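For reference, my_file.tsv (TSV, C-alpha atoms and all ligand atoms):
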```tsv
chain	number	residue	atom	x	y	z
A	1	MET	CA	-1.79	28.61	13.27
A	2	LYS	CA	-0.71	27.97	9.69
A	3	VAL	CA	-0.57	24.34	8.58
A	4	LEU	CA	1.45	23.64	5.43
A	5	VAL	CA	1.14	20.42	3.42
A	6	ALA	CA	4.34	20.03	1.40
A	7	THR	CA	4.47	16.96	-0.82
A	8	GLN	CA	6.69	16.32	-3.82
A	9	LYS	CA	4.48	13.30	-4.49
A	10	PRO	CA	0.97	14.76	-3.99
A	11	PHE	CA	-1.80	13.19	-1.94
A	12	ALA	CA	-4.99	12.27	-3.80
A	13	PRO	CA	-7.20	15.41	-4.10
A	14	VAL	CA	-9.80	13.91	-1.76
A	15	ALA	CA	-7.13	13.61	0.94
A	16	VAL	CA	-5.97	17.21	0.44
A	17	LYS	CA	-9.59	18.37	0.72
A	18	GLY	CA	-10.06	16.35	3.92
A	19	ILE	CA	-6.90	17.75	5.49
A	20	GLN	CA	-7.95	21.30	4.61
A	21	GLU	CA	-11.40	20.77	6.15
A	22	ILE	CA	-9.97	19.43	9.43
A	23	VAL	CA	-7.44	22.25	9.68
A	24	GLU	CA	-9.90	25.06	8.87
A	25	LYS	CA	-12.69	23.66	11.03
A	26	ALA	CA	-10.29	23.88	13.97
A	27	GLY	CA	-9.68	27.56	13.19
A	28	HIS	CA	-6.26	27.21	11.56
A	29	SER	CA	-5.17	28.29	8.10
A	30	PHE	CA	-4.15	25.87	5.35
A	31	ALA	CA	-1.41	26.11	2.71
A	32	LEU	CA	-0.35	23.66	0.01
A	33	LEU	CA	2.93	23.11	-1.81
A	34	GLU	CA	2.81	20.19	-4.22
A	35	LYS	CA	5.23	18.73	-6.78
A	36	TYR	CA	8.02	21.11	-5.79
A	37	GLU	CA	11.34	20.35	-7.42
A	38	GLN	CA	13.88	22.35	-5.43
A	39	GLU	CA	14.43	22.45	-1.68
A	40	SER	CA	14.44	26.25	-2.01
A	41	GLU	CA	10.68	26.13	-2.75
A	42	LEU	CA	10.11	24.24	0.49
A	43	LEU	CA	12.35	26.63	2.42
A	44	ALA	CA	10.29	29.59	1.20
A	45	ALA	CA	6.96	27.90	1.93
A	46	VAL	CA	7.81	26.86	5.52
A	47	ALA	CA	9.03	30.32	6.56
A	48	ASP	CA	5.72	31.24	8.25
A	49	ALA	CA	4.31	27.73	8.88
A	50	ASP	CA	3.47	26.60	12.42
A	51	ALA	CA	2.87	23.01	11.38
A	52	LEU	CA	4.09	20.91	8.47
A	53	ILE	CA	2.71	17.72	6.91
A	54	VAL	CA	5.03	15.78	4.58
A	55	ARG	CA	5.31	12.35	2.98
A	56	SER	CA	8.81	11.11	2.02
A	57	ASP	CA	9.92	14.73	1.60
A	58	LYS	CA	13.30	15.36	3.17
A	59	VAL	CA	13.01	17.62	6.20
A	60	THR	CA	16.64	18.64	6.61
A	61	PRO	CA	18.38	20.97	9.09
A	62	ALA	CA	18.05	23.70	6.43
A	63	VAL	CA	14.27	23.27	6.48
A	64	PHE	CA	14.18	23.62	10.27
A	65	ASP	CA	16.44	26.69	10.06
A	66	ALA	CA	14.05	28.28	7.55
A	67	ALA	CA	10.90	27.34	9.48
A	68	ARG	CA	11.26	29.86	12.25
A	69	GLN	CA	7.69	29.42	13.58
A	70	LEU	CA	7.47	25.66	13.21
A	71	LYS	CA	6.18	23.76	16.22
A	72	ILE	CA	5.26	20.38	14.77
A	73	VAL	CA	6.08	18.27	11.70
A	74	VAL	CA	4.07	15.16	10.90
A	75	ARG	CA	5.25	12.57	8.42
A	76	ALA	CA	1.99	11.22	6.96
A	77	GLY	CA	3.19	7.65	6.83
A	78	ALA	CA	5.29	5.16	8.73
A	79	GLY	CA	8.99	5.46	7.81
A	80	TYR	CA	10.56	8.65	9.17
A	81	ASP	CA	14.09	8.31	7.80
A	82	ASN	CA	13.34	11.52	5.86
A	83	LEU	CA	13.03	13.60	9.05
A	84	ASP	CA	16.18	14.92	10.69
A	85	LEU	CA	15.11	14.25	14.26
A	86	PRO	CA	18.16	15.78	16.00
A	87	ALA	CA	17.55	18.99	14.02
A	88	ALA	CA	13.85	18.92	14.96
A	89	THR	CA	14.75	18.56	18.62
A	90	ALA	CA	17.41	21.28	18.42
A	91	HIS	CA	14.75	23.64	17.00
A	92	GLY	CA	12.17	22.64	19.61
A	93	VAL	CA	9.93	21.05	16.96
A	94	VAL	CA	7.82	17.98	17.78
A	95	ALA	CA	8.11	15.30	15.07
A	96	MET	CA	5.45	12.61	14.59
A	97	ASN	CA	4.46	9.90	12.13
A	98	THR	CA	1.11	8.18	11.54
A	99	PRO	CA	1.94	4.50	12.07
A	100	GLY	CA	-0.31	1.92	10.43
A	101	GLN	CA	-2.40	4.39	8.44
A	102	ASN	CA	-1.03	3.41	5.02
A	103	ALA	CA	-0.03	-0.16	5.93
A	104	ASN	CA	-2.74	-1.95	3.96
A	105	ALA	CA	-1.76	-0.27	0.69
A	106	VAL	CA	1.87	-1.34	1.12
A	107	ALA	CA	0.85	-4.88	2.08
A	108	GLU	CA	-1.36	-5.19	-1.01
A	109	LEU	CA	1.54	-4.05	-3.19
A	110	ALA	CA	3.89	-6.63	-1.62
A	111	ILE	CA	1.41	-9.41	-2.43
A	112	ALA	CA	0.85	-8.02	-5.94
A	113	MET	CA	4.60	-7.97	-6.60
A	114	MET	CA	4.95	-11.60	-5.52
A	115	ILE	CA	2.25	-12.70	-7.94
A	116	TYR	CA	3.60	-10.42	-10.68
A	117	MET	CA	7.02	-12.05	-10.38
A	118	CYS	CA	5.46	-15.54	-10.30
A	119	ARG	CA	3.68	-14.69	-13.56
A	120	CYS	CA	6.88	-13.54	-15.27
A	121	GLN	CA	5.80	-9.88	-15.20
A	122	PHE	CA	2.65	-10.72	-17.20
A	123	THR	CA	4.52	-12.00	-20.22
A	124	PRO	CA	3.30	-15.18	-21.94
A	125	ALA	CA	5.97	-17.34	-20.26
A	126	THR	CA	4.68	-20.13	-18.01
A	127	GLY	CA	4.60	-18.89	-14.44
A	128	SER	CA	3.99	-20.37	-11.01
A	129	GLU	CA	1.56	-19.89	-8.11
A	130	VAL	CA	2.03	-18.57	-4.60
A	131	GLN	CA	-0.33	-21.12	-3.05
A	132	GLY	CA	1.59	-23.75	-1.10
A	133	LYS	CA	4.80	-21.70	-1.03
A	134	THR	CA	6.48	-20.35	2.08
A	135	LEU	CA	6.66	-16.62	2.73
A	136	GLY	CA	9.15	-15.11	5.17
A	137	ILE	CA	8.35	-11.71	6.65
A	138	GLN	CA	11.33	-9.68	7.77
A	139	ALA	CA	9.92	-7.38	10.49
A	140	PHE	CA	6.43	-8.05	11.74
A	141	GLY	CA	5.06	-4.53	12.24
A	142	ASN	CA	1.87	-3.05	10.81
A	143	VAL	CA	2.74	-3.88	7.20
A	144	GLY	CA	4.41	-7.24	7.83
A	145	ARG	CA	1.44	-8.48	9.82
A	146	LEU	CA	-1.02	-7.55	7.05
A	147	VAL	CA	1.17	-9.19	4.41
A	148	GLY	CA	1.13	-12.34	6.55
A	149	GLN	CA	-2.68	-12.36	6.82
A	150	LYS	CA	-3.15	-11.85	3.09
A	151	ALA	CA	-0.55	-14.48	2.21
A	152	ALA	CA	-2.18	-17.00	4.55
A	153	ALA	CA	-5.51	-16.36	2.80
A	154	LEU	CA	-3.80	-17.22	-0.49
A	155	GLY	CA	-2.71	-20.57	0.94
A	156	MET	CA	0.87	-19.64	1.74
A	157	LYS	CA	2.77	-20.83	4.79
A	158	VAL	CA	3.94	-17.74	6.71
A	159	LYS	CA	7.09	-17.36	8.79
A	160	ALA	CA	8.35	-14.17	10.43
A	161	VAL	CA	11.23	-12.69	12.36
A	162	ASP	CA	11.31	-9.45	14.31
A	163	PRO	CA	13.88	-8.48	16.95
A	164	PHE	CA	11.30	-6.38	18.82
A	165	ILE	CA	8.31	-8.75	18.79
A	166	PRO	CA	8.23	-11.86	21.01
A	167	ALA	CA	7.78	-15.24	19.32
A	168	ASP	CA	4.46	-15.77	21.10
A	169	ALA	CA	3.02	-12.57	19.65
A	170	ILE	CA	4.15	-13.57	16.15
A	171	ARG	CA	2.51	-16.99	16.65
A	172	ALA	CA	-0.68	-15.37	17.97
A	173	ALA	CA	-0.84	-13.27	14.81
A	174	GLY	CA	-0.79	-16.40	12.69
A	175	ALA	CA	2.84	-16.70	11.60
A	176	GLU	CA	5.56	-19.14	12.59
A	177	PRO	CA	8.38	-17.33	14.40
A	178	VAL	CA	11.93	-18.15	13.35
A	179	ALA	CA	15.04	-17.51	15.39
A	180	SER	CA	17.09	-15.42	12.98
A	181	VAL	CA	17.04	-13.48	9.74
A	182	GLU	CA	19.45	-16.05	8.28
A	183	GLU	CA	17.01	-18.85	9.09
A	184	LEU	CA	14.17	-16.88	7.51
A	185	TYR	CA	16.01	-16.40	4.22
A	186	ALA	CA	17.17	-20.04	4.16
A	187	GLY	CA	13.68	-21.44	4.65
A	188	CYS	CA	11.41	-19.31	2.45
A	189	ASP	CA	10.44	-19.25	-1.24
A	190	PHE	CA	9.62	-15.55	-0.83
A	191	VAL	CA	10.97	-13.01	1.62
A	192	SER	CA	9.10	-9.73	2.05
A	193	ILE	CA	11.16	-6.95	3.64
A	194	HIS	CA	9.51	-4.56	6.13
A	195	ILE	CA	12.40	-3.12	8.11
A	196	PRO	CA	12.91	0.64	8.46
A	197	ALA	CA	16.02	2.38	7.09
A	198	THR	CA	18.23	3.06	10.11
A	199	PRO	CA	22.01	3.22	10.56
A	200	GLN	CA	21.79	-0.44	11.64
A	201	THR	CA	19.75	-1.67	8.66
A	202	VAL	CA	21.11	0.34	5.72
A	203	GLY	CA	23.00	-2.01	3.38
A	204	SER	CA	22.24	-4.94	5.69
A	205	ILE	CA	20.68	-7.21	3.04
A	206	GLY	CA	23.38	-8.39	0.69
A	207	ARG	CA	25.01	-11.31	-0.98
A	208	ASP	CA	25.49	-13.58	2.06
A	209	LEU	CA	21.90	-13.30	3.20
A	210	ILE	CA	20.22	-13.49	-0.19
A	211	ALA	CA	22.38	-16.46	-1.24
A	212	ARG	CA	20.78	-18.48	1.58
A	213	MET	CA	17.42	-18.44	-0.21
A	214	PRO	CA	16.27	-21.75	-1.72
A	215	LYS	CA	16.20	-22.45	-5.45
A	216	GLY	CA	13.75	-20.28	-7.39
A	217	ALA	CA	13.17	-17.82	-4.54
A	218	THR	CA	12.00	-14.21	-4.84
A	219	LEU	CA	12.96	-11.28	-2.64
A	220	VAL	CA	10.36	-8.49	-2.39
A	221	ASN	CA	11.29	-5.09	-1.01
A	222	THR	CA	8.51	-2.61	-0.25
A	223	ALA	CA	10.51	-1.06	2.59
A	224	ARG	CA	13.43	1.17	1.57
A	225	LYS	CA	15.94	0.76	-1.25
A	226	GLU	CA	18.71	1.75	1.17
A	227	VAL	CA	18.44	-1.48	3.17
A	228	ILE	CA	19.82	-3.41	0.19
A	229	ASP	CA	23.54	-3.71	-0.50
A	230	GLU	CA	23.19	-3.14	-4.26
A	231	ALA	CA	26.59	-4.56	-5.22
A	232	GLY	CA	25.84	-7.66	-3.15
A	233	LEU	CA	22.44	-8.04	-4.80
A	234	ASP	CA	24.02	-7.79	-8.24
A	235	ALA	CA	26.62	-10.41	-7.31
A	236	VAL	CA	24.11	-12.91	-6.01
A	237	LEU	CA	21.75	-12.47	-8.98
A	238	GLU	CA	24.71	-13.23	-11.22
A	239	GLU	CA	25.74	-16.32	-9.25
A	240	ARG	CA	22.19	-17.61	-8.87
A	241	PRO	CA	20.19	-17.41	-12.13
A	242	ASP	CA	17.18	-18.86	-10.29
A	243	LEU	CA	16.68	-15.89	-7.93
A	244	LYS	CA	14.37	-12.89	-8.52
A	245	TYR	CA	14.11	-9.42	-6.97
A	246	ALA	CA	11.12	-7.05	-6.97
A	247	THR	CA	11.33	-3.64	-5.36
A	248	ASP	CA	9.42	-0.46	-4.63
A	249	VAL	CA	11.47	1.70	-5.39
A	250	ALA	CA	14.24	1.30	-8.01
A	251	PRO	CA	17.82	0.84	-6.78
A	252	ASP	CA	20.49	3.18	-8.14
A	253	ASN	CA	21.88	0.38	-10.33
A	254	ILE	CA	18.47	-0.58	-11.79
A	255	GLU	CA	19.42	-0.07	-15.44
A	256	ALA	CA	22.41	-2.40	-15.10
A	257	LEU	CA	20.32	-4.96	-13.22
A	258	LYS	CA	17.53	-4.92	-15.82
A	259	GLU	CA	19.98	-5.27	-18.67
A	260	LYS	CA	21.73	-8.21	-17.01
A	261	TYR	CA	18.78	-10.02	-15.48
A	262	GLY	CA	15.70	-9.03	-17.55
A	263	LEU	CA	12.43	-10.28	-16.08
A	264	ARG	CA	14.13	-11.57	-12.94
A	265	VAL	CA	14.19	-7.97	-11.69
A	266	PHE	CA	11.30	-5.52	-11.31
A	267	ALA	CA	11.34	-2.03	-9.85
A	268	THR	CA	8.71	0.69	-9.57
A	269	PRO	CA	9.97	4.00	-10.97
A	270	LYS	CA	8.51	5.98	-8.06
A	271	LYS	CA	7.83	4.71	-4.56
A	272	MET	CA	4.18	3.68	-4.77
A	273	GLY	CA	3.42	1.30	-1.89
A	274	ALA	CA	1.29	3.92	-0.15
A	275	GLN	CA	0.05	5.49	-3.36
A	276	THR	CA	-3.64	4.74	-3.01
A	277	LYS	CA	-6.55	7.07	-2.37
A	278	GLU	CA	-7.39	5.15	0.80
A	279	ALA	CA	-3.85	5.32	2.21
A	280	ASN	CA	-3.60	9.02	1.35
A	281	VAL	CA	-6.87	9.72	3.15
A	282	ASN	CA	-5.98	7.59	6.17
A	283	ALA	CA	-2.47	8.97	6.63
A	284	GLY	CA	-3.19	12.56	5.56
A	285	LEU	CA	-6.26	13.00	7.74
A	286	ALA	CA	-4.54	11.33	10.69
A	287	ALA	CA	-1.68	13.81	10.33
A	288	ALA	CA	-4.12	16.74	10.27
A	289	ARG	CA	-5.98	15.43	13.33
A	290	GLN	CA	-2.73	14.90	15.23
A	291	ILE	CA	-1.73	18.52	14.53
A	292	VAL	CA	-5.12	19.93	15.55
A	293	ASP	CA	-5.05	17.85	18.73
A	294	PHE	CA	-1.47	18.89	19.49
A	295	PHE	CA	-2.40	22.57	19.28
A	296	ALA	CA	-5.64	22.06	21.24
A	297	THR	CA	-4.48	19.72	24.02
A	298	GLY	CA	-0.71	19.23	23.70
A	299	ASN	CA	-1.21	15.55	22.79
A	300	THR	CA	2.14	14.09	21.65
A	301	LYS	CA	1.10	10.44	21.37
A	302	PHE	CA	3.02	9.75	18.15
A	303	LYS	CA	6.08	11.84	19.02
A	304	LEU	CA	9.32	10.49	17.59
A	305	ASN	CA	11.86	12.85	19.17
A	401	LIG	C1	5.88	5.04	4.49
A	401	LIG	O1	6.96	4.96	5.07
A	401	LIG	O2	4.85	5.39	5.06
A	401	LIG	C2	5.78	4.59	3.06
A	401	LIG	O3	7.02	4.27	2.54
A	401	LIG	C3	5.05	5.57	2.17
A	401	LIG	O4	5.81	6.64	1.74
A	401	LIG	P1	5.17	7.80	0.83
A	401	LIG	O5	4.25	8.60	1.67
A	401	LIG	O6	6.33	8.59	0.36
A	401	LIG	O7	4.45	7.14	-0.31
```
Mind turning this structure into structure tokens?
Ligand code: 3PG
Amino acid sequence: MKVLVATQKPFAPVAVKGIQEIVEKAGHSFALLEKYEQESELLAAVADADALIVRSDKVTPAVFDAARQLKIVVRAGAGYDNLDLPAATAHGVVAMNTPGQNANAVAELAIAMMIYMCRCQFTPATGSEVQGKTLGIQAFGNVGRLVGQKAAALGMKVKAVDPFIPADAIRAAGAEPVASVEELYAGCDFVSIHIPATPQTVGSIGRDLIARMPKGATLVNTARKEVIDEAGLDAVLEERPDLKYATDVAPDNIEALKEKYGLRVFATPKKMGAQTKEANVNAGLAAARQIVDFFATGNTKFKLN
């Protein structure tokens, strides 16, 4: 079987090497397409691939049409909004992700962004500390849970809301459950967003929700830019000069936001929450192992479709 790694944003070399070793040791062949710029390059590369490993790369119906031998695609990471699952199913392709494997890297970035915003983006202005402040975690999955643990270690009070996790489980993991997203925003100096981008969540965080935050609050988004209603964010930042927003990755209106709000807004130019050697190794090697296991035993444990 031919296993293709196709990543516009490459894995660390050590992760690529590890993936190649796992694939070849199992008797499969390995191919690599990195930093491609056009979808046409991906379409050509997948033509004879039996398995595909991607990151945030968009796997569209056109990719499935071109990948006539494809049996499995694994998103090395958590969010799978880049995979067209109906198209995968229609082509008989199993789609998987590698949940949790890059969660620590994203959680560390969320904490770093909070402190960076507290310290006025490392300018000489007088900043503030996170200790003693309240952090609200919107969605208490693999990343949210780790952010909560790290924040607690920094002396923060941690609250969380998650429609799929019972209050008792949130409490057992060390956070105070709250009844609604509105309550979370209203009661926290920081809110860290960890929801996936789905038809239900896209554009769901806007003016009404953000305006509930207390004076001097900061919203941190290491999830997906699409979950933010950008016009609503702009409006609330204008109405509330005390609020701040930090995001991985930049919203479409970032230039306008930066010009209007200066150091109150920070955005990474490229999505970099999972951009660590460790996360690349964890997620990349997990993807390779899942593919090898799928071909050897039919294991579909992380199947999404
Ligand atoms: C994820 O969903 O796993 C993260 O957003 C990481 O995405 P990336 O692999 O494109 O960095």
Taking (0.4, 13.7, 10.4) in the file's coordinates as the center, which residues reach within 12 Å of it, counting all atoms listed in the file, put as a VMD selection string? chain A and resid 3 to 6 19 22 to 23 51 to 55 72 to 78 80 94 to 102 280 to 294 300 to 304
Pairwise distance for CA of Val220 (chain A) and CA of Met113 (chain A), rounded to one decimal in Å: 7.2 Å
Pick the closest to Ala62 (chain A) from A:Arg171, A:His91, A:Lys2, A:Lys35: which is it, counting all atoms listed in the file? A:His91
Just give me the gap between CA of Pro196 (chain A) and CA of Ile115 (chain A) in Å, one decimal is fine. 23.7 Å
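Distance-wise, CA of Pro166 (chain A) and CA of Gln138 (chain A) end up 13.8 Å apart.
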Across A:Val161, A:Ala105, A:Ala197, A:Ala125, the smallest distance to Leu184 (chain A), with all atoms listed in the file counted, is shown by A:Val161
Please, which residues in region 68-144 of chain A fall within 10 Å of region 235-246 of chain A when counting only C-alpha atoms, and what is the closest atom pair and distance in Å to one decimal for each, ordered by chain then residue number, as JSON lines?
```
{"residue": "A:Ala110", "atom": "CA", "partner": "A:Ala246", "partner_atom": "CA", "distance": 9.0}
{"residue": "A:Met113", "atom": "CA", "partner": "A:Ala246", "partner_atom": "CA", "distance": 6.6}
{"residue": "A:Met114", "atom": "CA", "partner": "A:Ala246", "partner_atom": "CA", "distance": 7.8}
{"residue": "A:Tyr116", "atom": "CA", "partner": "A:Ala246", "partner_atom": "CA", "distance": 9.0}
{"residue": "A:Met117", "atom": "CA", "partner": "A:Ala246", "partner_atom": "CA", "distance": 7.3}
{"residue": "A:Cys118", "atom": "CA", "partner": "A:Lys244", "partner_atom": "CA", "distance": 9.5}
```
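In terms of minimum interatomic distance to Gln131 (chain A), A:Ala152 ranks closest within A:Ala279, A:Ala167, A:Ile210, A:Ala152, counting all atoms listed in the file.
Using only C-alpha atoms for every distance, the candidate list A:Ser40, A:Gln121, A:Thr218, A:Ser204 yields A:Thr218 as the residue closest to Phe190 (chain A).
Nearest residue to Leu70 (chain A) among A:Gly298, A:Gly27, A:Gly92, A:Pro86 is A:Gly92, counting all atoms listed in the file.
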